[in-house]
$ cat my_file_31.cif   # mmCIF, C-alpha atoms
data_model
#
loop_
_atom_site.label_atom_id
_atom_site.label_comp_id
_atom_site.auth_asym_id
_atom_site.auth_seq_id
_atom_site.Cartn_x
_atom_site.Cartn_y
_atom_site.Cartn_z
CA MET A 27 0.00 0.00 0.00
CA THR A 28 1.35 3.42 -0.96
CA ARG A 29 1.95 5.69 2.00
CA PRO A 30 2.05 9.50 1.93
CA THR A 31 5.24 11.34 2.71
CA PRO A 32 5.47 12.74 6.24
CA SER A 33 5.74 16.24 4.75
CA GLN A 34 2.09 16.18 3.64
CA ALA A 35 -0.41 17.74 6.04
CA PRO A 36 -3.19 15.25 6.87
CA ARG A 37 -6.89 15.63 6.36
CA ALA A 38 -7.66 13.54 9.43
CA ILE A 39 -5.91 12.35 12.58
CA LEU A 40 -6.79 9.04 14.23
CA PHE A 41 -5.72 8.47 17.82
CA ASP A 42 -5.23 5.52 20.11
CA LEU A 43 -7.06 6.08 23.42
CA ASP A 44 -5.24 4.66 26.47
CA GLY A 45 -1.84 6.29 26.83
CA THR A 46 -2.37 8.62 23.87
CA LEU A 47 -5.39 10.82 24.47
CA ALA A 48 -6.23 9.68 27.99
CA ASP A 49 -4.24 8.74 31.06
CA THR A 50 -6.33 5.74 32.11
CA ALA A 51 -3.56 3.79 33.84
CA PRO A 52 -4.58 4.80 37.39
CA ASP A 53 -8.00 3.13 37.08
CA LEU A 54 -6.65 0.14 35.17
CA ALA A 55 -4.05 -0.40 37.89
CA ALA A 56 -6.56 0.08 40.70
CA ALA A 57 -8.73 -2.67 39.24
CA VAL A 58 -5.94 -5.23 39.13
CA ASN A 59 -4.68 -4.28 42.58
CA PHE A 60 -8.21 -4.76 43.90
CA LEU A 61 -7.92 -8.37 42.76
CA ARG A 62 -4.61 -8.71 44.57
CA THR A 63 -5.89 -7.30 47.86
CA GLU A 64 -8.93 -9.58 47.62
CA ARG A 65 -6.49 -12.46 47.65
CA GLY A 66 -4.50 -11.10 50.59
CA LEU A 67 -1.63 -9.93 48.37
CA THR A 68 0.10 -6.57 48.56
CA PRO A 69 -0.64 -4.14 45.72
CA THR A 70 1.74 -4.15 42.78
CA PRO A 71 3.61 -0.83 42.63
CA TYR A 72 2.02 1.60 40.21
CA ALA A 73 5.40 2.24 38.59
CA LEU A 74 5.44 -1.39 37.42
CA LEU A 75 1.84 -1.37 36.20
CA ARG A 76 1.76 1.93 34.33
CA PRO A 77 4.02 0.92 31.39
CA THR A 78 1.76 -2.08 30.70
CA ALA A 79 -1.50 -0.12 30.57
CA SER A 80 -1.74 0.02 26.77
CA ALA A 81 -1.71 -3.79 26.71
CA GLY A 82 -4.96 -3.96 28.71
CA ALA A 83 -5.72 -7.16 30.61
CA ARG A 84 -2.73 -8.96 29.14
CA GLY A 85 -0.39 -6.26 30.42
CA MET A 86 -2.00 -5.66 33.78
CA ILE A 87 -2.50 -9.30 34.76
CA GLY A 88 0.95 -10.15 33.47
CA ALA A 89 2.55 -7.48 35.63
CA ALA A 90 0.41 -8.06 38.73
CA PHE A 91 0.15 -11.86 38.70
CA GLY A 92 2.88 -13.06 36.35
CA LEU A 93 0.36 -14.86 34.14
CA THR A 94 0.02 -14.94 30.37
CA PRO A 95 -3.10 -15.75 28.33
CA ALA A 96 -1.76 -19.31 27.94
CA ASP A 97 -1.62 -19.91 31.69
CA ALA A 98 -4.25 -21.60 33.83
CA GLY A 99 -6.23 -19.08 35.82
CA TYR A 100 -5.62 -16.19 33.43
CA GLU A 101 -9.10 -16.16 31.89
CA ALA A 102 -10.84 -16.17 35.26
CA LEU A 103 -8.68 -13.28 36.45
CA LYS A 104 -9.33 -11.38 33.23
CA LEU A 105 -13.10 -11.64 33.64
CA GLN A 106 -12.87 -10.49 37.24
CA TRP A 107 -10.61 -7.60 36.21
CA PHE A 108 -13.10 -6.62 33.50
CA GLU A 109 -15.93 -6.50 36.04
CA ARG A 110 -13.95 -4.46 38.55
CA TYR A 111 -12.66 -2.03 35.94
CA GLN A 112 -16.10 -1.50 34.43
CA SER A 113 -17.43 -0.50 37.85
CA ALA A 114 -14.79 2.25 38.29
CA MET A 115 -13.43 3.35 34.90
CA SER A 116 -13.23 7.11 35.36
CA VAL A 117 -12.36 7.67 39.01
CA HIS A 118 -8.88 8.98 38.23
CA SER A 119 -8.72 8.79 34.41
CA THR A 120 -8.28 12.09 32.61
CA LEU A 121 -7.00 13.55 29.35
CA PHE A 122 -3.28 14.16 29.14
CA GLY A 123 -2.24 17.77 29.49
CA GLY A 124 -2.42 19.57 26.16
CA VAL A 125 -4.83 17.10 24.54
CA THR A 126 -7.81 19.46 24.70
CA ASP A 127 -5.82 22.22 22.98
CA LEU A 128 -4.58 19.70 20.41
CA LEU A 129 -8.07 18.54 19.50
CA ASP A 130 -9.38 22.10 19.40
CA GLY A 131 -6.51 23.06 17.11
CA ILE A 132 -7.17 20.12 14.79
CA GLN A 133 -10.81 21.10 14.46
CA ALA A 134 -9.93 24.76 13.96
CA ALA A 135 -7.65 23.74 11.08
CA GLY A 136 -10.54 21.95 9.40
CA MET A 137 -9.14 18.48 9.99
CA ALA A 138 -11.24 15.57 11.19
CA TRP A 139 -10.20 13.39 14.12
CA GLY A 140 -11.31 10.12 15.64
CA ILE A 141 -10.41 7.34 18.04
CA VAL A 142 -9.25 3.83 17.17
CA THR A 143 -8.55 1.71 20.25
CA ASN A 144 -8.17 -1.95 21.16
CA LYS A 145 -10.33 -1.30 24.22
CA PRO A 146 -13.59 -3.29 23.91
CA ALA A 147 -16.75 -1.28 23.26
CA ARG A 148 -18.19 -2.28 26.65
CA PHE A 149 -15.55 0.00 28.17
CA THR A 150 -15.03 2.53 25.39
CA ASP A 151 -18.66 3.53 24.97
CA PRO A 152 -19.29 4.58 28.60
CA LEU A 153 -15.78 5.97 29.17
CA ILE A 154 -15.61 8.34 26.19
CA PRO A 155 -18.28 10.79 27.43
CA GLN A 156 -16.97 10.64 31.00
CA ILE A 157 -13.56 11.95 29.95
CA GLY A 158 -14.81 14.57 27.51
CA LEU A 159 -14.25 12.94 24.12
CA SER A 160 -17.83 12.64 22.88
CA HIS A 161 -17.09 15.03 20.00
CA ALA A 162 -14.81 12.50 18.29
CA GLY A 163 -15.62 12.13 14.61
CA CYS A 164 -15.56 8.35 14.96
CA ILE A 165 -14.95 5.75 17.63
CA VAL A 166 -13.64 2.34 16.61
CA SER A 167 -13.24 -0.10 19.51
CA GLY A 168 -11.25 -3.28 19.74
CA ASP A 169 -14.23 -5.41 18.81
CA THR A 170 -15.74 -3.12 16.15
CA THR A 171 -14.00 -5.06 13.36
CA PRO A 172 -13.01 -8.75 13.28
CA HIS A 173 -9.41 -7.75 13.97
CA ALA A 174 -7.60 -5.65 16.56
CA LYS A 175 -4.38 -3.69 16.15
CA PRO A 176 -1.71 -4.32 14.90
CA HIS A 177 -4.03 -5.41 12.07
CA PRO A 178 -4.89 -2.37 9.93
CA ALA A 179 -8.64 -3.15 9.77
CA PRO A 180 -9.68 -0.90 12.70
CA LEU A 181 -7.71 2.05 11.30
CA LEU A 182 -9.17 1.55 7.84
CA GLU A 183 -12.64 1.48 9.41
CA GLY A 184 -11.87 4.74 11.20
CA ALA A 185 -10.83 6.39 7.95
CA ARG A 186 -13.97 5.07 6.25
CA ARG A 187 -16.20 6.52 8.97
CA LEU A 188 -14.49 9.90 8.66
CA GLY A 189 -14.85 9.77 4.88
CA VAL A 190 -11.11 10.28 4.36
CA ASN A 191 -8.73 8.20 2.25
CA PRO A 192 -6.30 6.36 4.56
CA GLN A 193 -3.40 7.96 2.67
CA HIS A 194 -4.57 11.33 4.00
CA CYS A 195 -4.74 10.13 7.63
CA TRP A 196 -2.20 10.09 10.41
CA TYR A 197 -2.33 7.59 13.23
CA VAL A 198 -1.04 8.52 16.68
CA GLY A 199 -0.27 5.93 19.37
CA ASP A 200 1.93 5.01 22.31
CA ASP A 201 2.58 1.35 21.52
CA LEU A 202 4.58 -0.45 18.84
CA ARG A 203 1.44 -2.16 17.56
CA ASP A 204 -0.07 1.27 16.89
CA ILE A 205 2.80 2.14 14.59
CA GLU A 206 2.63 -1.28 12.93
CA ALA A 207 -1.11 -0.87 12.34
CA GLY A 208 -0.72 2.64 10.97
CA ARG A 209 2.03 1.58 8.62
CA ALA A 210 -0.02 -1.39 7.39
CA ALA A 211 -3.00 0.93 6.79
CA GLY A 212 -0.90 3.24 4.64
CA MET A 213 -0.97 6.13 7.12
CA VAL A 214 1.71 8.43 8.46
CA THR A 215 2.54 7.27 11.98
CA VAL A 216 3.21 9.29 15.11
CA ALA A 217 4.71 7.73 18.25
CA CYS A 218 3.75 9.73 21.33
CA ALA A 219 6.49 9.63 23.94
CA TRP A 220 4.10 11.11 26.51
CA GLY A 221 2.23 7.79 26.69
CA TYR A 222 2.94 4.44 28.33
CA CYS A 223 5.16 3.08 25.52
CA GLY A 224 5.74 -0.34 27.10
CA ALA A 225 9.13 -2.03 27.31
CA ILE A 226 10.33 -1.22 23.79
CA GLU A 227 11.86 2.22 23.22
CA PRO A 228 9.69 4.33 20.87
CA ALA A 229 12.80 5.47 19.03
CA THR A 230 13.11 1.93 17.65
CA TRP A 231 9.56 1.76 16.27
CA ASN A 232 10.41 3.50 12.98
CA ALA A 233 7.47 5.86 13.28
CA ASP A 234 7.41 8.84 10.93
CA PHE A 235 7.36 11.16 13.95
CA LEU A 236 8.36 10.73 17.59
CA LEU A 237 6.93 13.60 19.64
CA ASP A 238 7.23 14.42 23.32
CA THR A 239 3.98 16.29 24.00
CA PRO A 240 0.55 16.91 22.46
CA ALA A 241 1.69 20.50 21.93
CA ASP A 242 4.53 19.21 19.72
CA LEU A 243 1.99 17.44 17.52
CA LEU A 244 -0.14 20.56 17.23
CA ASP A 245 2.91 22.65 16.31
CA THR A 246 3.88 20.10 13.67
CA LEU A 247 0.42 20.13 12.13
CA ARG A 248 0.26 23.93 12.12
CA SER A 249 3.66 24.20 10.49
CA MET A 250 2.70 21.76 7.76
CA ALA A 251 -0.64 23.44 7.14
CA LYS A 252 1.08 26.82 6.88
CA ALA A 253 3.73 25.45 4.55
CA GLY A 254 1.01 23.98 2.36
CA VAL A 255 -0.74 27.34 2.05
CA VAL A 256 2.54 29.06 1.17
CA ALA A 257 3.32 26.42 -1.45
CA LYS A 258 -0.10 26.89 -3.08
CA MET A 259 0.32 30.68 -3.15
CA MET A 260 3.72 30.33 -4.86
CA ALA A 261 2.56 27.76 -7.40
#
$ encode --input "my_file_31.cif" --output "structure tokens"
Amino acid sequence: MTRPTPSQAPRAILFDLDGTLADTAPDLAAAVNFLRTERGLTPTPYALLRPTASAGARGMIGAAFGLTPADAGYEALKLQWFERYQSAMSVHSTLFGGVTDLLDGIQAAGMAWGIVTNKPARFTDPLIPQIGLSHAGCIVSGDTTPHAKPHPAPLLEGARRLGVNPQHCWYVGDDLRDIEAGRAAGMVTVACAWGYCGAIEPATWNADFLLDTPADLLDTLRSMAKAGVVAKMMA
């Protein structure tokens, strides 16, 4: 699939949710530590849980209990974690600093934006309005399509819902699979270093951009939009 050059301003921006737009790790961690205290175990330090937040149940249960999806007992813990998390999803979750200004700036520039997450719809649908993201142009959850990221299908569905060719979209995420999905969908990719990022250094992901803050992304978009206007005037 042909991908645009990173010098082309996008017509739409698609974002991952956890660790990209929203800092949801505190509530994700609280849910898994609730399971530990129920069992008479001490809570897992937040510093160990936070980097795994983008991996959802697999990351949290792996860090807190040392179990993988192939291990006995994992599925039961996952279902219990789901139930606990669903009962307290937005106690401490909030948008990252600068995200509101970023989204306002994207809209002011006439670009569309949406959310593509691996979070199941049972969590995404109630959480989105509680953290102030109801104005997203589209919301694609982890079970909206038959595949989850790093498969490109959810990103392609997001572009379809926004009515924008994937080649004119950027995808922004804090996990290697986000960059893999964006690349496979033919989109420019942005690794956000302000997110959780996991155990693999974002600098090794081969994203088109690696940015430190939401403000850096907004500045990049504004610079490209301005350069595009200048180029048209000189043509």
$ atom_distance --input "my_file_31.cif" --atom1 "CA of Ala217 (chain A)" --atom2 "CA of Asp151 (chain A)"
24.7 Å
$ closest_residue --input "my_file_31.cif" --among "A:Asp200, A:Asp44, A:Glu206, A:Asp242" --to "Pro178 (chain A)" --atoms "all atoms listed in the file"
A:Glu206
$ resolve_selection --input "my_file_31.cif" --expression "the PyMOL selection byres ((chain A and resi 132-140) around 9)" --output "list in words"
Pro36, Arg37, Ala38, Ile39, Leu40, Phe41, Asp42, Asp127, Leu128, Leu129, Asp130, Gly131, Ile141, Val142, His161, Ala162, Gly163, Cys164, Ile165, Val166, Gly184, Ala185, Leu188, Val190, Leu244, Leu247, Arg248 and Ala251 of chain A
$ axis_aligned_box --input "my_file_31.cif" --around "region 235-251 of chain A" --padding-each-side "6 Å" --output "lines of an AutoDock Vina configuration file"
center_x = 3.9
center_y = 17.5
center_z = 15.6
size_x = 21.0
size_y = 25.5
size_z = 28.9
$ atom_distance --input "my_file_31.cif" --atom1 "CA of Thr120 (chain A)" --atom2 "CA of Tyr197 (chain A)"
20.8 Å
$ residues_around --input "my_file_31.cif" --residues "Leu43 (chain A)" --least-positions-apart "5" --cutoff "9 Å" --atoms "only C-alpha atoms" --output "PyMOL selection string"
chain A and resi 48-50+80+141-145+150+199
$ atom_distance --input "my_file_31.cif" --atom1 "CA of Tyr100 (chain A)" --atom2 "CA of Ala81 (chain A)"
14.6 Å
$ residues_around --input "my_file_31.cif" --residues "Pro176 (chain A)" --least-positions-apart "2" --cutoff "10 Å" --atoms "all atoms listed in the file" --output "VMD selection string"
chain A and resid 144 173 to 174 178 to 181 201 to 211
